file final.cif (mmCIF, C-alpha atoms and all ligand atoms)
data_structure
loop_
_atom_site.label_atom_id
_atom_site.label_comp_id
_atom_site.auth_asym_id
_atom_site.auth_seq_id
_atom_site.Cartn_x
_atom_site.Cartn_y
_atom_site.Cartn_z
CA MET A 1 0.00 0.00 0.00
CA ASN A 2 1.42 3.39 -0.89
CA ASP A 3 1.61 6.34 1.53
CA MET A 4 -1.43 8.00 0.07
CA ASN A 5 -3.69 4.96 0.53
CA ARG A 6 -2.27 4.10 3.93
CA ILE A 7 -3.02 7.57 5.31
CA ILE A 8 -6.27 8.15 3.42
CA ASP A 9 -7.63 4.82 4.63
CA ILE A 10 -7.45 6.03 8.24
CA THR A 11 -10.53 8.17 7.65
CA LYS A 12 -13.80 7.88 5.75
CA ASP A 13 -14.34 11.66 5.83
CA VAL A 14 -14.21 13.08 2.30
CA ALA A 15 -12.91 16.52 3.35
CA LEU A 16 -10.06 14.96 5.33
CA ARG A 17 -9.23 12.59 2.47
CA ASN A 18 -9.00 15.59 0.11
CA ILE A 19 -6.66 17.37 2.52
CA ALA A 20 -4.45 14.29 2.78
CA GLU A 21 -4.28 14.12 -1.01
CA LYS A 22 -3.24 17.77 -1.18
CA VAL A 23 -0.53 17.31 1.44
CA ILE A 24 0.88 14.22 -0.22
CA ASN A 25 0.82 15.95 -3.63
CA ASN A 26 2.62 19.02 -2.21
CA THR A 27 -0.38 21.27 -2.70
CA ARG A 28 -0.81 23.98 -0.10
CA ILE A 29 -3.83 23.50 2.19
CA SER A 30 -6.33 26.37 2.62
CA PHE A 31 -7.52 28.26 5.68
CA ASP A 32 -10.72 26.18 5.74
CA ASP A 33 -8.68 22.98 5.41
CA GLY A 34 -6.72 24.02 8.49
CA VAL A 35 -9.90 24.53 10.51
CA THR A 36 -11.28 21.21 9.22
CA LEU A 37 -8.16 19.41 10.44
CA PHE A 38 -8.82 20.68 13.98
CA GLU A 39 -12.56 20.05 13.80
CA LYS A 40 -12.55 16.58 12.31
CA GLY A 41 -9.05 15.13 12.29
CA SER A 42 -8.50 12.19 14.64
CA LEU A 43 -5.18 11.97 16.43
CA SER A 44 -4.13 8.96 14.35
CA PHE A 45 -4.97 10.69 11.05
CA LEU A 46 -3.22 13.96 11.96
CA GLY A 47 -0.25 12.07 13.35
CA ALA A 48 0.17 9.91 10.25
CA LEU A 49 -0.06 12.90 7.89
CA ALA A 50 2.20 15.17 9.93
CA ASN A 51 4.73 12.39 10.40
CA TYR A 52 4.70 11.76 6.65
CA VAL A 53 5.68 15.40 6.04
CA ARG A 54 8.22 15.38 8.88
CA GLU A 55 9.93 12.27 7.53
CA LYS A 56 9.88 13.57 3.96
CA LYS A 57 11.68 16.74 5.11
CA HIS A 58 13.95 15.35 7.82
CA GLY A 59 13.75 11.55 7.96
CA ASP A 60 14.30 10.53 11.58
CA ILE A 61 16.56 13.47 12.39
CA THR A 62 15.69 15.24 15.61
CA TYR A 63 17.63 18.37 16.42
CA PHE A 64 18.59 19.83 19.75
CA ASN A 65 21.07 22.49 20.75
CA ARG A 66 23.25 23.38 23.69
CA ASN A 67 22.22 26.74 24.98
CA PHE A 68 21.62 28.71 28.13
CA HIS A 69 19.06 31.35 28.98
CA ILE A 70 19.43 34.75 30.57
CA GLU A 71 16.33 36.46 31.92
CA PRO A 72 17.45 40.07 32.57
CA THR A 73 14.37 40.93 34.63
CA ASN A 74 10.85 39.83 35.45
CA VAL A 75 9.76 43.41 36.09
CA CYS A 76 7.33 44.33 33.33
CA VAL A 77 5.27 47.32 32.37
CA PHE A 78 2.69 45.02 30.81
CA SER A 79 0.27 42.69 32.48
CA CYS A 80 -0.56 39.82 30.17
CA LYS A 81 -3.28 37.75 31.77
CA PHE A 82 -1.53 34.42 31.15
CA CYS A 83 1.77 35.52 32.68
CA SER A 84 2.76 33.98 36.01
CA TYR A 85 6.16 35.49 35.99
CA SER A 86 6.14 39.25 35.76
CA LYS A 87 6.01 41.84 38.54
CA LEU A 88 4.66 45.28 37.79
CA TYR A 89 7.18 48.09 38.08
CA ALA A 90 5.31 49.38 41.16
CA HIS A 91 6.23 46.09 42.92
CA LYS A 92 9.68 45.77 41.45
CA GLU A 93 11.28 44.88 44.79
CA GLU A 94 9.47 41.50 44.50
CA GLY A 95 11.19 40.77 41.19
CA TRP A 96 14.75 40.67 39.88
CA GLU A 97 16.77 43.09 37.74
CA LEU A 98 20.21 42.00 36.56
CA THR A 99 23.00 44.42 35.74
CA VAL A 100 25.21 43.97 32.68
CA ASP A 101 27.97 42.71 35.02
CA GLN A 102 25.65 40.15 36.60
CA MET A 103 24.58 38.92 33.18
CA MET A 104 28.23 38.76 32.07
CA ASN A 105 28.92 36.58 35.11
CA ILE A 106 26.29 34.16 33.84
CA VAL A 107 27.95 34.19 30.40
CA LYS A 108 31.38 33.62 31.97
CA SER A 109 30.08 30.70 34.01
CA TYR A 110 29.79 28.88 30.64
CA ASP A 111 33.44 29.49 29.71
CA GLY A 112 34.94 26.24 28.46
CA LYS A 113 31.50 24.61 28.10
CA PRO A 114 30.41 23.67 24.58
CA VAL A 115 27.29 25.83 24.35
CA THR A 116 26.60 27.52 21.01
CA GLU A 117 23.76 29.89 21.88
CA VAL A 118 22.55 32.28 24.56
CA HIS A 119 18.82 32.99 24.63
CA ILE A 120 17.95 36.34 26.24
CA VAL A 121 14.33 37.17 27.03
CA GLY A 122 12.62 38.86 29.93
CA GLY A 123 10.03 41.36 31.09
CA VAL A 124 9.79 44.91 29.75
CA HIS A 125 11.60 47.03 32.32
CA PRO A 126 11.31 50.80 31.81
CA LYS A 127 14.94 51.38 32.77
CA MET A 128 16.42 48.63 30.61
CA THR A 129 16.75 50.67 27.45
CA LEU A 130 18.23 50.16 24.00
CA PRO A 131 21.72 51.44 25.03
CA PHE A 132 21.65 49.14 28.09
CA PHE A 133 21.05 46.08 25.93
CA ALA A 134 23.50 47.24 23.26
CA ASP A 135 26.16 47.33 26.02
CA LEU A 136 25.21 43.79 27.04
CA LEU A 137 25.40 42.50 23.45
CA LYS A 138 28.79 44.14 22.88
CA ALA A 139 30.15 42.76 26.15
CA ILE A 140 29.03 39.22 25.26
CA LYS A 141 30.58 39.44 21.77
CA ALA A 142 33.82 40.88 23.17
CA HIS A 143 34.04 37.97 25.63
CA ARG A 144 32.88 35.11 23.37
CA PRO A 145 32.53 36.23 19.73
CA GLU A 146 31.32 32.90 18.35
CA LEU A 147 28.42 32.56 20.82
CA HIS A 148 25.17 33.10 18.89
CA ILE A 149 22.96 35.66 20.59
CA LYS A 150 19.25 35.00 20.13
CA GLY A 151 17.40 37.63 22.03
CA PHE A 152 14.42 39.87 22.67
CA THR A 153 10.82 39.52 21.59
CA PRO A 154 9.03 42.23 19.59
CA VAL A 155 7.32 43.13 22.88
CA GLU A 156 10.66 44.18 24.38
CA LEU A 157 11.96 45.58 21.08
CA ASP A 158 8.88 47.68 20.30
CA TYR A 159 9.14 49.30 23.74
CA MET A 160 12.90 49.90 23.46
CA PHE A 161 12.70 51.34 19.94
CA LYS A 162 9.82 53.69 20.80
CA LYS A 163 11.63 54.94 23.88
CA ALA A 164 14.78 55.56 21.82
CA LYS A 165 12.63 57.29 19.15
CA LEU A 166 13.93 54.98 16.45
CA SER A 167 12.00 53.31 13.66
CA VAL A 168 11.79 49.51 13.73
CA GLU A 169 14.32 49.32 10.90
CA GLU A 170 16.78 51.69 12.65
CA GLY A 171 16.40 49.93 16.00
CA MET A 172 16.94 46.46 14.53
CA LYS A 173 20.03 47.62 12.62
CA PHE A 174 21.42 49.18 15.79
CA LEU A 175 21.02 45.97 17.81
CA HIS A 176 22.25 43.77 14.96
CA GLU A 177 25.40 45.86 14.72
CA ALA A 178 25.83 45.61 18.50
CA GLY A 179 25.85 41.79 18.22
CA LEU A 180 22.27 40.52 18.10
CA ASP A 181 22.21 37.51 15.76
CA SER A 182 18.61 36.35 15.72
CA LEU A 183 15.19 36.72 17.35
CA PRO A 184 13.38 34.12 19.45
CA GLY A 185 9.70 33.44 18.81
CA GLY A 186 8.07 34.88 21.91
CA GLY A 187 5.41 37.53 22.29
CA ALA A 188 3.30 36.24 19.41
CA GLU A 189 0.60 34.65 21.63
CA ILE A 190 -2.50 34.68 19.37
CA PHE A 191 -2.43 37.39 16.74
CA HIS A 192 -6.14 37.92 16.12
CA PRO A 193 -7.39 41.02 17.99
CA GLU A 194 -10.52 39.20 19.17
CA VAL A 195 -8.24 37.12 21.43
CA ARG A 196 -5.24 39.40 21.80
CA THR A 197 -7.26 42.26 23.30
CA GLN A 198 -8.53 39.87 25.97
CA ILE A 199 -5.24 38.26 26.99
CA CYS A 200 -2.57 40.91 26.37
CA GLU A 201 -4.21 44.08 25.14
CA ASP A 202 -1.49 46.57 26.00
CA LYS A 203 1.53 45.07 24.26
CA VAL A 204 2.63 45.10 20.63
CA ASP A 205 -0.12 43.94 18.24
CA ALA A 206 0.10 41.39 15.44
CA GLU A 207 1.16 43.93 12.82
CA GLY A 208 3.88 45.28 15.11
CA TRP A 209 5.16 41.77 15.91
CA LEU A 210 5.30 40.81 12.23
CA HIS A 211 6.89 44.14 11.24
CA ILE A 212 9.78 43.60 13.67
CA HIS A 213 10.43 40.05 12.44
CA LYS A 214 10.27 41.27 8.85
CA ALA A 215 12.81 44.00 9.60
CA ALA A 216 15.11 41.39 11.17
CA HIS A 217 14.72 39.10 8.14
CA GLN A 218 15.53 42.00 5.81
CA LEU A 219 18.85 42.41 7.65
CA GLY A 220 19.59 38.73 6.97
CA MET A 221 18.76 37.67 10.53
CA HIS A 222 16.64 34.59 11.24
CA SER A 223 13.90 34.23 13.79
CA ASN A 224 11.39 31.84 15.32
CA ALA A 225 7.64 32.10 15.81
CA THR A 226 5.55 30.84 18.71
CA MET A 227 1.81 30.41 19.23
CA LEU A 228 0.33 30.32 22.73
CA PHE A 229 -2.57 27.85 22.51
CA GLY A 230 -5.08 26.10 24.72
CA HIS A 231 -6.85 29.00 26.44
CA ILE A 232 -9.73 31.08 25.01
CA GLU A 233 -8.85 30.83 21.33
CA LYS A 234 -11.01 29.00 18.78
CA TYR A 235 -9.61 26.74 16.07
CA TRP A 236 -9.91 29.47 13.45
CA HIS A 237 -7.84 31.87 15.60
CA ARG A 238 -5.02 29.31 15.53
CA ILE A 239 -5.26 29.04 11.75
CA ASP A 240 -5.43 32.83 11.40
CA HIS A 241 -2.22 32.99 13.46
CA MET A 242 -0.49 30.42 11.28
CA GLU A 243 -1.79 32.07 8.10
CA ARG A 244 -0.15 35.39 9.03
CA LEU A 245 3.12 33.56 9.70
CA ARG A 246 2.88 31.60 6.45
CA GLN A 247 2.38 34.83 4.49
CA LEU A 248 5.41 36.54 6.02
CA GLN A 249 7.48 33.41 5.50
CA ASP A 250 6.49 33.40 1.80
CA GLU A 251 7.77 36.96 1.61
CA THR A 252 11.04 36.69 3.52
CA GLY A 253 11.91 33.03 4.20
CA GLY A 254 13.44 34.26 7.45
CA PHE A 255 11.70 32.00 9.98
CA ASN A 256 13.56 28.96 11.16
CA THR A 257 11.13 27.29 13.49
CA PHE A 258 7.50 27.20 14.59
CA ILE A 259 7.06 26.61 18.33
CA PRO A 260 3.56 25.97 19.67
CA LEU A 261 3.47 26.85 23.40
CA LYS A 262 0.88 25.12 25.57
CA PHE A 263 -0.85 27.51 27.98
CA ARG A 264 -0.07 26.63 31.62
CA ASN A 265 -2.52 27.89 34.21
CA LYS A 266 -0.76 28.18 37.55
CA ASP A 267 -0.75 31.53 39.39
CA ASN A 268 -1.99 33.79 36.64
CA ASP A 269 -5.17 35.70 35.80
CA MET A 270 -6.31 32.88 33.53
CA SER A 271 -6.00 30.13 36.14
CA TYR A 272 -9.73 29.45 35.87
CA ILE A 273 -9.13 27.98 32.38
CA ASN A 274 -8.36 24.24 32.28
CA GLU A 275 -5.18 23.27 30.50
CA SER A 276 -5.50 21.46 27.18
CA SER A 277 -5.22 17.67 27.04
CA THR A 278 -2.14 15.92 25.69
CA ILE A 279 -4.24 14.79 22.72
CA GLU A 280 -5.12 18.39 21.88
CA ASP A 281 -1.47 19.40 22.26
CA LEU A 282 -0.34 16.72 19.82
CA LYS A 283 -2.97 17.83 17.32
CA VAL A 284 -1.65 21.40 17.46
CA TYR A 285 1.88 20.25 16.63
CA ALA A 286 0.56 18.12 13.77
CA VAL A 287 -1.62 20.88 12.26
CA GLY A 288 1.29 23.33 12.65
CA ARG A 289 3.47 21.00 10.58
CA LEU A 290 0.76 20.63 7.92
CA TYR A 291 -0.32 24.27 7.66
CA LEU A 292 3.14 25.84 7.79
CA ASP A 293 4.43 24.11 4.68
CA ASN A 294 7.12 26.79 4.28
CA PHE A 295 8.63 26.34 7.78
CA ASN A 296 11.42 23.81 7.91
CA HIS A 297 11.29 23.10 11.60
CA VAL A 298 8.66 22.54 14.28
CA LYS A 299 9.94 22.60 17.82
CA ALA A 300 8.54 21.19 21.06
CA TYR A 301 9.82 23.17 24.00
CA TRP A 302 10.30 20.38 26.55
CA PRO A 303 10.54 22.49 29.73
CA MET A 304 6.92 23.43 29.23
CA LEU A 305 5.55 20.11 27.97
CA GLY A 306 7.51 17.73 30.14
CA ARG A 307 10.03 15.24 28.80
CA GLN A 308 7.70 12.35 27.95
CA ASN A 309 5.19 14.51 26.11
CA ALA A 310 8.05 16.12 24.20
CA GLN A 311 9.08 12.59 23.16
CA LEU A 312 5.54 11.92 21.96
CA THR A 313 5.51 15.04 19.77
CA LEU A 314 8.32 13.54 17.66
CA GLY A 315 5.65 11.34 16.03
CA PHE A 316 3.41 14.34 15.34
CA GLY A 317 5.46 16.55 13.06
CA VAL A 318 8.09 17.81 15.51
CA ASN A 319 11.76 17.55 14.54
CA ASP A 320 13.41 19.68 17.23
CA ILE A 321 13.26 19.59 21.01
CA ASP A 322 15.17 22.76 21.85
CA GLY A 323 18.17 22.38 24.03
CA THR A 324 19.97 21.52 27.15
CA ILE A 325 18.93 24.95 28.48
CA ASP A 326 21.02 24.37 31.57
CA ASP A 327 19.65 26.95 33.90
CA THR A 328 16.73 27.82 36.08
CA THR A 329 14.42 29.28 33.45
CA LYS A 330 11.50 30.53 35.44
CA ILE A 331 8.79 31.41 32.94
CA TYR A 332 7.33 27.88 32.84
CA SER A 333 8.05 26.58 36.31
CA MET A 334 6.21 29.64 37.61
CA ALA A 335 3.28 28.90 35.28
CA GLY A 336 2.88 25.31 36.51
CA SER A 337 5.24 23.19 34.42
CA GLU A 338 6.34 19.97 36.08
CA GLU A 339 9.90 20.91 35.15
CA GLN A 340 10.83 23.02 38.15
CA THR A 341 14.49 23.57 37.24
CA PRO A 342 14.62 22.74 33.57
CA SER A 343 17.98 21.38 32.71
CA MET A 344 18.81 18.32 30.66
CA SER A 345 22.29 17.11 29.95
CA THR A 346 23.32 16.25 26.40
CA ALA A 347 23.34 12.57 27.38
CA GLN A 348 19.78 12.81 28.63
CA LEU A 349 18.62 14.55 25.45
CA VAL A 350 20.37 12.03 23.21
CA THR A 351 18.81 9.17 25.18
CA LEU A 352 15.36 10.75 25.06
CA ILE A 353 15.53 11.01 21.26
CA LYS A 354 17.00 7.53 20.77
CA GLN A 355 14.33 5.95 22.97
CA VAL A 356 11.76 6.77 20.28
CA ASN A 357 14.02 5.58 17.45
CA ARG A 358 14.91 8.98 16.09
CA LYS A 359 18.37 10.29 15.23
CA PRO A 360 19.77 12.89 17.60
CA ILE A 361 21.70 15.71 15.97
CA GLU A 362 23.15 18.61 17.90
CA ARG A 363 22.65 21.78 15.85
CA ASP A 364 23.56 25.41 16.20
CA THR A 365 20.88 28.13 16.08
CA LEU A 366 20.87 28.11 12.27
CA TYR A 367 20.57 24.31 12.05
CA ASN A 368 24.16 23.65 11.02
CA VAL A 369 25.15 20.24 12.34
CA VAL A 370 27.44 20.44 15.37
CA THR A 371 27.55 16.73 16.26
CA ASP A 372 25.71 13.79 14.77
CA TYR A 373 24.98 11.45 17.67
CA SER A 374 23.10 9.00 15.47
CA THR A 375 26.07 7.63 13.57
CA GLN A 376 28.46 7.15 16.43
CA ASP A 377 28.44 4.91 19.43
CA VAL A 378 28.29 7.43 22.16
CA ASP A 379 29.65 6.88 25.60
CA LEU A 380 26.73 8.64 27.20
CA ALA A 381 28.47 8.78 30.55
CA SER A 382 31.20 10.92 29.01
CA LEU A 383 28.83 13.63 27.77
CA ASN A 384 27.96 16.39 30.13
O1 LIG B 401 5.66 34.90 24.61
C1 LIG B 401 4.13 33.05 29.03
C2 LIG B 401 4.87 32.19 26.77
C3 LIG B 401 6.71 33.00 25.72
C4 LIG B 401 2.94 31.37 29.69
O2 LIG B 401 12.39 31.04 20.04
C5 LIG B 401 3.52 31.04 28.47
O3 LIG B 401 13.60 29.35 20.57
C6 LIG B 401 2.53 28.99 28.54
O4 LIG B 401 8.89 32.56 23.34
N1 LIG B 401 1.90 29.25 29.70
C7 LIG B 401 8.20 33.28 25.89
N2 LIG B 401 3.33 29.84 27.90
C8 LIG B 401 9.04 32.05 25.62
C9 LIG B 401 9.39 31.86 24.17
C10 LIG B 401 10.36 30.82 23.74
C11 LIG B 401 10.63 29.73 24.54
C12 LIG B 401 11.55 28.78 24.09
C13 LIG B 401 12.22 28.91 22.90
C14 LIG B 401 11.94 30.01 22.11
C15 LIG B 401 12.68 30.16 20.83
C16 LIG B 401 11.01 30.97 22.52
O5 LIG B 401 6.27 32.20 26.80
C17 LIG B 401 5.76 34.17 25.77
C18 LIG B 401 4.46 33.46 26.04
O6 LIG B 401 3.85 33.07 24.84
N3 LIG B 401 4.23 32.11 28.08
N4 LIG B 401 3.33 32.61 30.03
C19 LIG B 401 2.07 30.42 30.30
N5 LIG B 401 1.42 30.69 31.43
FE1 LIG B 402 5.50 41.07 30.49
FE2 LIG B 402 6.09 39.09 28.78
FE3 LIG B 402 4.79 38.54 31.08
FE4 LIG B 402 3.53 39.86 29.13
S1 LIG B 402 4.33 37.70 29.00
S2 LIG B 402 3.54 40.40 31.33
S3 LIG B 402 5.17 41.07 28.26
S4 LIG B 402 6.88 39.30 30.90
#
call {"tool": "encode", "arguments": {"input": "final.cif", "output": "structure tokens"}}
result
Amino acid sequence: MNDMNRIIDITKDVALRNIAEKVINNTRISFDDGVTLFEKGSLSFLGALANYVREKKHGDITYFNRNFHIEPTNVCVFSCKFCSYSKLYAHKEEGWELTVDQMMNIVKSYDGKPVTEVHIVGGVHPKMTLPFFADLLKAIKAHRPELHIKGFTPVELDYMFKKAKLSVEEGMKFLHEAGLDSLPGGGAEIFHPEVRTQICEDKVDAEGWLHIHKAAHQLGMHSNATMLFGHIEKYWHRIDHMERLRQLQDETGGFNTFIPLKFRNKDNDMSYINESSTIEDLKVYAVGRLYLDNFNHVKAYWPMLGRQNAQLTLGFGVNDIDGTIDDTTKIYSMAGSEEQTPSMSTAQLVTLIKQVNRKPIERDTLYNVVTDYSTQDVDLASLN
């Protein structure tokens, strides 16, 4: 039985069979097709189709990277309803604010360790301005030039640029020249104003978020894109979100990775909302893989999902499980993730990927291969 028949035979639904045919024939699926996948697609159907695309693009390869995070502050002028992490400026003594020296000490604590990336994201602090972050970027590059700096969401950038009275293009160029290499995917949440105004009305809107990523892409920088799902959004809001990303990706080709982020409900203003089921989570990864036909990579961020669920996603379109992270990233542990101090060693990541018969490849931020752990017999005990 060929792939087409094998997958099509999972369902009797004509609309789903047509979508499967399109996917297998490399025809782009429509907005309505995306909604239909959520409405009607069973887990087995979505999994089979998303896995087909994943294996066509990447075979069994599963990427991870060795990185560490710096969270400059959790003080924030905004008050997103899903956020368990920020402290308003009026209560800043309850939060943390790192100086450039303190952040450099974190960077220096990785001296001699084989990390390739630092990920810098935090709250929007009114005193952490564009020149402050430019100093940080320059200090990191002076200390460790080859370390890739992936930092700042459009939420932070929009605020910094406006305060410095620079256009988006001028601000991005300034930070790029100071050492910023790429942008992470945060701050996207759900783009559609019907949802956005209810969960994070005061921060940068969809157009602003997309404008900043476009400006980065035009400078030759790459970026990621997230989607915060499993709260008040409807299926069509998810597809609207992906549609806007797909359109920008058609224009620039600058996105590396799509990262669905499952809403966690501990200690925030949306705690009354139940978290989505694992089945729903897997469907989101699968539909993301199918709708975003022009994104190469779909990433499961394990500190938020938990290790076993991250393993499961590898059969539902995901080909990347982020990195060793190696620190005490707080944004998810504070929102209820089981991973209280998310850190996984390389050996643990390699094992996790091999346990589900996929090939572990360590990558850098731009998906260049650093080490192929699939082709060598690895002494796991020797990896840190
Ligand atoms: O934008 C905040 C999310 C994002 C909650 O690009 C929450 O490689 C779930 O974007 N439940 C920031 N999610 C983190 C982020 C990220 C993480 C890992 C890798 C990359 C990358 C980017 O965290 C925010 C928001 O969408 N978030 N609160 C919550 N309660
Ligand atoms: Fe601030 Fe980000 Fe939290 Fe929103 S999600 S309140 S912008 S730290």
call {"tool": "atom_distance", "arguments": {"input": "final.cif", "atom1": "atom CA of A:Glu189", "atom2": "atom CA of A:Ile61"}}
result
28.1 Å
call {"tool": "residues_near_point", "arguments": {"input": "final.cif", "point": "(0.6, 24.7, 23.1)", "cutoff": "6 Å", "atoms": "all atoms listed in the file", "output": "PyMOL selection string"}}
result
chain A and resi 228-229+260-263+281
call {"tool": "residues_near_ligand", "arguments": {"input": "final.cif", "ligand": "ligand LIG 402 (chain B)", "cutoff": "8 Å", "atoms": "only C-alpha atoms and all ligand atoms", "output": "PDB file with C-alpha atoms, in the coordinates of the input"}}
result
ATOM      1  CA  ASN A  74      10.850  39.830  35.450  1.00  0.00           C
ATOM      2  CA  VAL A  75       9.760  43.410  36.090  1.00  0.00           C
ATOM      3  CA  CYS A  76       7.330  44.330  33.330  1.00  0.00           C
ATOM      4  CA  VAL A  77       5.270  47.320  32.370  1.00  0.00           C
ATOM      5  CA  PHE A  78       2.690  45.020  30.810  1.00  0.00           C
ATOM      6  CA  SER A  79       0.270  42.690  32.480  1.00  0.00           C
ATOM      7  CA  CYS A  80      -0.560  39.820  30.170  1.00  0.00           C
ATOM      8  CA  LYS A  81      -3.280  37.750  31.770  1.00  0.00           C
ATOM      9  CA  PHE A  82      -1.530  34.420  31.150  1.00  0.00           C
ATOM     10  CA  CYS A  83       1.770  35.520  32.680  1.00  0.00           C
ATOM     11  CA  SER A  84       2.760  33.980  36.010  1.00  0.00           C
ATOM     12  CA  TYR A  85       6.160  35.490  35.990  1.00  0.00           C
ATOM     13  CA  SER A  86       6.140  39.250  35.760  1.00  0.00           C
ATOM     14  CA  LYS A  87       6.010  41.840  38.540  1.00  0.00           C
ATOM     15  CA  GLY A 122      12.620  38.860  29.930  1.00  0.00           C
ATOM     16  CA  GLY A 123      10.030  41.360  31.090  1.00  0.00           C
ATOM     17  CA  VAL A 124       9.790  44.910  29.750  1.00  0.00           C
ATOM     18  CA  VAL A 155       7.320  43.130  22.880  1.00  0.00           C
ATOM     19  CA  GLU A 156      10.660  44.180  24.380  1.00  0.00           C
ATOM     20  CA  GLY A 187       5.410  37.530  22.290  1.00  0.00           C
ATOM     21  CA  CYS A 200      -2.570  40.910  26.370  1.00  0.00           C
ATOM     22  CA  LYS A 203       1.530  45.070  24.260  1.00  0.00           C
TER      23      LYS A 203
END
call {"tool": "atom_distance", "arguments": {"input": "final.cif", "atom1": "atom CA of A:Asn65", "atom2": "atom CA of A:Asp322"}}
result
6.0 Å
call {"tool": "residues_around", "arguments": {"input": "final.cif", "residues": "A:Gln218", "least_positions_apart": "2", "cutoff": "12 Å", "atoms": "only C-alpha atoms", "output": "count of residues only"}}
result
24
call {"tool": "axis_aligned_box", "arguments": {"input": "final.cif", "around": "stretch 136-141 of chain A", "padding_each_side": "4 Å", "output": "AutoDock Vina command-line options"}}
result
--center_x 27.9 --center_y 41.7 --center_z 24.4 --size_x 13.4 --size_y 12.9 --size_z 13.3
call {"tool": "atom_distance", "arguments": {"input": "final.cif", "atom1": "atom CA of A:Val23", "atom2": "atom CA of A:Asn294"}}
result
12.5 Å
call {"tool": "residues_around", "arguments": {"input": "final.cif", "residues": "A:Thr226", "least_positions_apart": "3", "cutoff": "12 Å", "atoms": "all atoms listed in the file", "output": "VMD selection string"}}
result
chain A and resid 153 to 154 183 to 191 209 to 210 223 229 238 241 to 242 245 255 to 263 284 to 285 288 297 to 301
call {"tool": "write_last_selection", "arguments": {"input": "final.cif", "atoms": "C-alpha atoms", "output": "JSON list (two decimals), in the frame of the given file"}}
result
[["chain", "number", "residue", "atom", "x", "y", "z"],
["A", 153, "THR", "CA", 10.82, 39.52, 21.59],
["A", 154, "PRO", "CA", 9.03, 42.23, 19.59],
["A", 183, "LEU", "CA", 15.19, 36.72, 17.35],
["A", 184, "PRO", "CA", 13.38, 34.12, 19.45],
["A", 185, "GLY", "CA", 9.70, 33.44, 18.81],
["A", 186, "GLY", "CA", 8.07, 34.88, 21.91],
["A", 187, "GLY", "CA", 5.41, 37.53, 22.29],
["A", 188, "ALA", "CA", 3.30, 36.24, 19.41],
["A", 189, "GLU", "CA", 0.60, 34.65, 21.63],
["A", 190, "ILE", "CA", -2.50, 34.68, 19.37],
["A", 191, "PHE", "CA", -2.43, 37.39, 16.74],
["A", 209, "TRP", "CA", 5.16, 41.77, 15.91],
["A", 210, "LEU", "CA", 5.30, 40.81, 12.23],
["A", 223, "SER", "CA", 13.90, 34.23, 13.79],
["A", 229, "PHE", "CA", -2.57, 27.85, 22.51],
["A", 238, "ARG", "CA", -5.02, 29.31, 15.53],
["A", 241, "HIS", "CA", -2.22, 32.99, 13.46],
["A", 242, "MET", "CA", -0.49, 30.42, 11.28],
["A", 245, "LEU", "CA", 3.12, 33.56, 9.70],
["A", 255, "PHE", "CA", 11.70, 32.00, 9.98],
["A", 256, "ASN", "CA", 13.56, 28.96, 11.16],
["A", 257, "THR", "CA", 11.13, 27.29, 13.49],
["A", 258, "PHE", "CA", 7.50, 27.20, 14.59],
["A", 259, "ILE", "CA", 7.06, 26.61, 18.33],
["A", 260, "PRO", "CA", 3.56, 25.97, 19.67],
["A", 261, "LEU", "CA", 3.47, 26.85, 23.40],
["A", 262, "LYS", "CA", 0.88, 25.12, 25.57],
["A", 263, "PHE", "CA", -0.85, 27.51, 27.98],
["A", 284, "VAL", "CA", -1.65, 21.40, 17.46],
["A", 285, "TYR", "CA", 1.88, 20.25, 16.63],
["A", 288, "GLY", "CA", 1.29, 23.33, 12.65],
["A", 297, "HIS", "CA", 11.29, 23.10, 11.60],
["A", 298, "VAL", "CA", 8.66, 22.54, 14.28],
["A", 299, "LYS", "CA", 9.94, 22.60, 17.82],
["A", 300, "ALA", "CA", 8.54, 21.19, 21.06],
["A", 301, "TYR", "CA", 9.82, 23.17, 24.00]]
call {"tool": "residues_around", "arguments": {"input": "final.cif", "residues": "A:Glu275", "least_positions_apart": "4", "cutoff": "8 Å", "atoms": "only C-alpha atoms", "output": "list in words"}}
result
Gly230, His231, Phe263, Arg264 and Asn265 of chain A
call {"tool": "closest_residue", "arguments": {"input": "final.cif", "among": "A:Arg244, A:Arg28, A:Lys40, A:His217", "to": "A:Asp13", "atoms": "all atoms listed in the file"}}
result
A:Lys40
call {"tool": "closest_residue", "arguments": {"input": "final.cif", "among": "A:Glu280, A:Glu97, A:Asp250, A:Glu117", "to": "ligand LIG 401 (chain B)", "atoms": "only C-alpha atoms and all ligand atoms"}}
result
A:Glu117
call {"tool": "closest_residue", "arguments": {"input": "final.cif", "among": "A:Ile29, A:Met304, A:Ile8, A:Ile279", "to": "ligand LIG 401 (chain B)", "atoms": "only C-alpha atoms and all ligand atoms"}}
result
A:Met304
call {"tool": "closest_residue", "arguments": {"input": "final.cif", "among": "A:Val121, A:Val350, A:Val107, A:Ala139", "to": "ligand LIG 401 (chain B)", "atoms": "all atoms listed in the file"}}
result
A:Val121
call {"tool": "residues_around", "arguments": {"input": "final.cif", "residues": "stretch 164-166 of chain A", "least_positions_apart": "6", "cutoff": "9 Å", "atoms": "all atoms listed in the file", "output": "VMD selection string"}}
result
chain A and resid 129 to 131
call {"tool": "residues_around", "arguments": {"input": "final.cif", "residues": "A:Tyr63", "least_positions_apart": "2", "cutoff": "7 Å", "atoms": "all atoms listed in the file", "output": "list in words"}}
result
Ile61, Asn65, Asn319, Asp320, Ile321, Pro360, Ile361, Glu362 and Arg363 of chain A
call {"tool": "closest_residue", "arguments": {"input": "final.cif", "among": "A:Ala178, A:Asn296, A:Val35, A:Asn5", "to": "A:Ala48", "atoms": "only C-alpha atoms"}}
result
A:Asn5
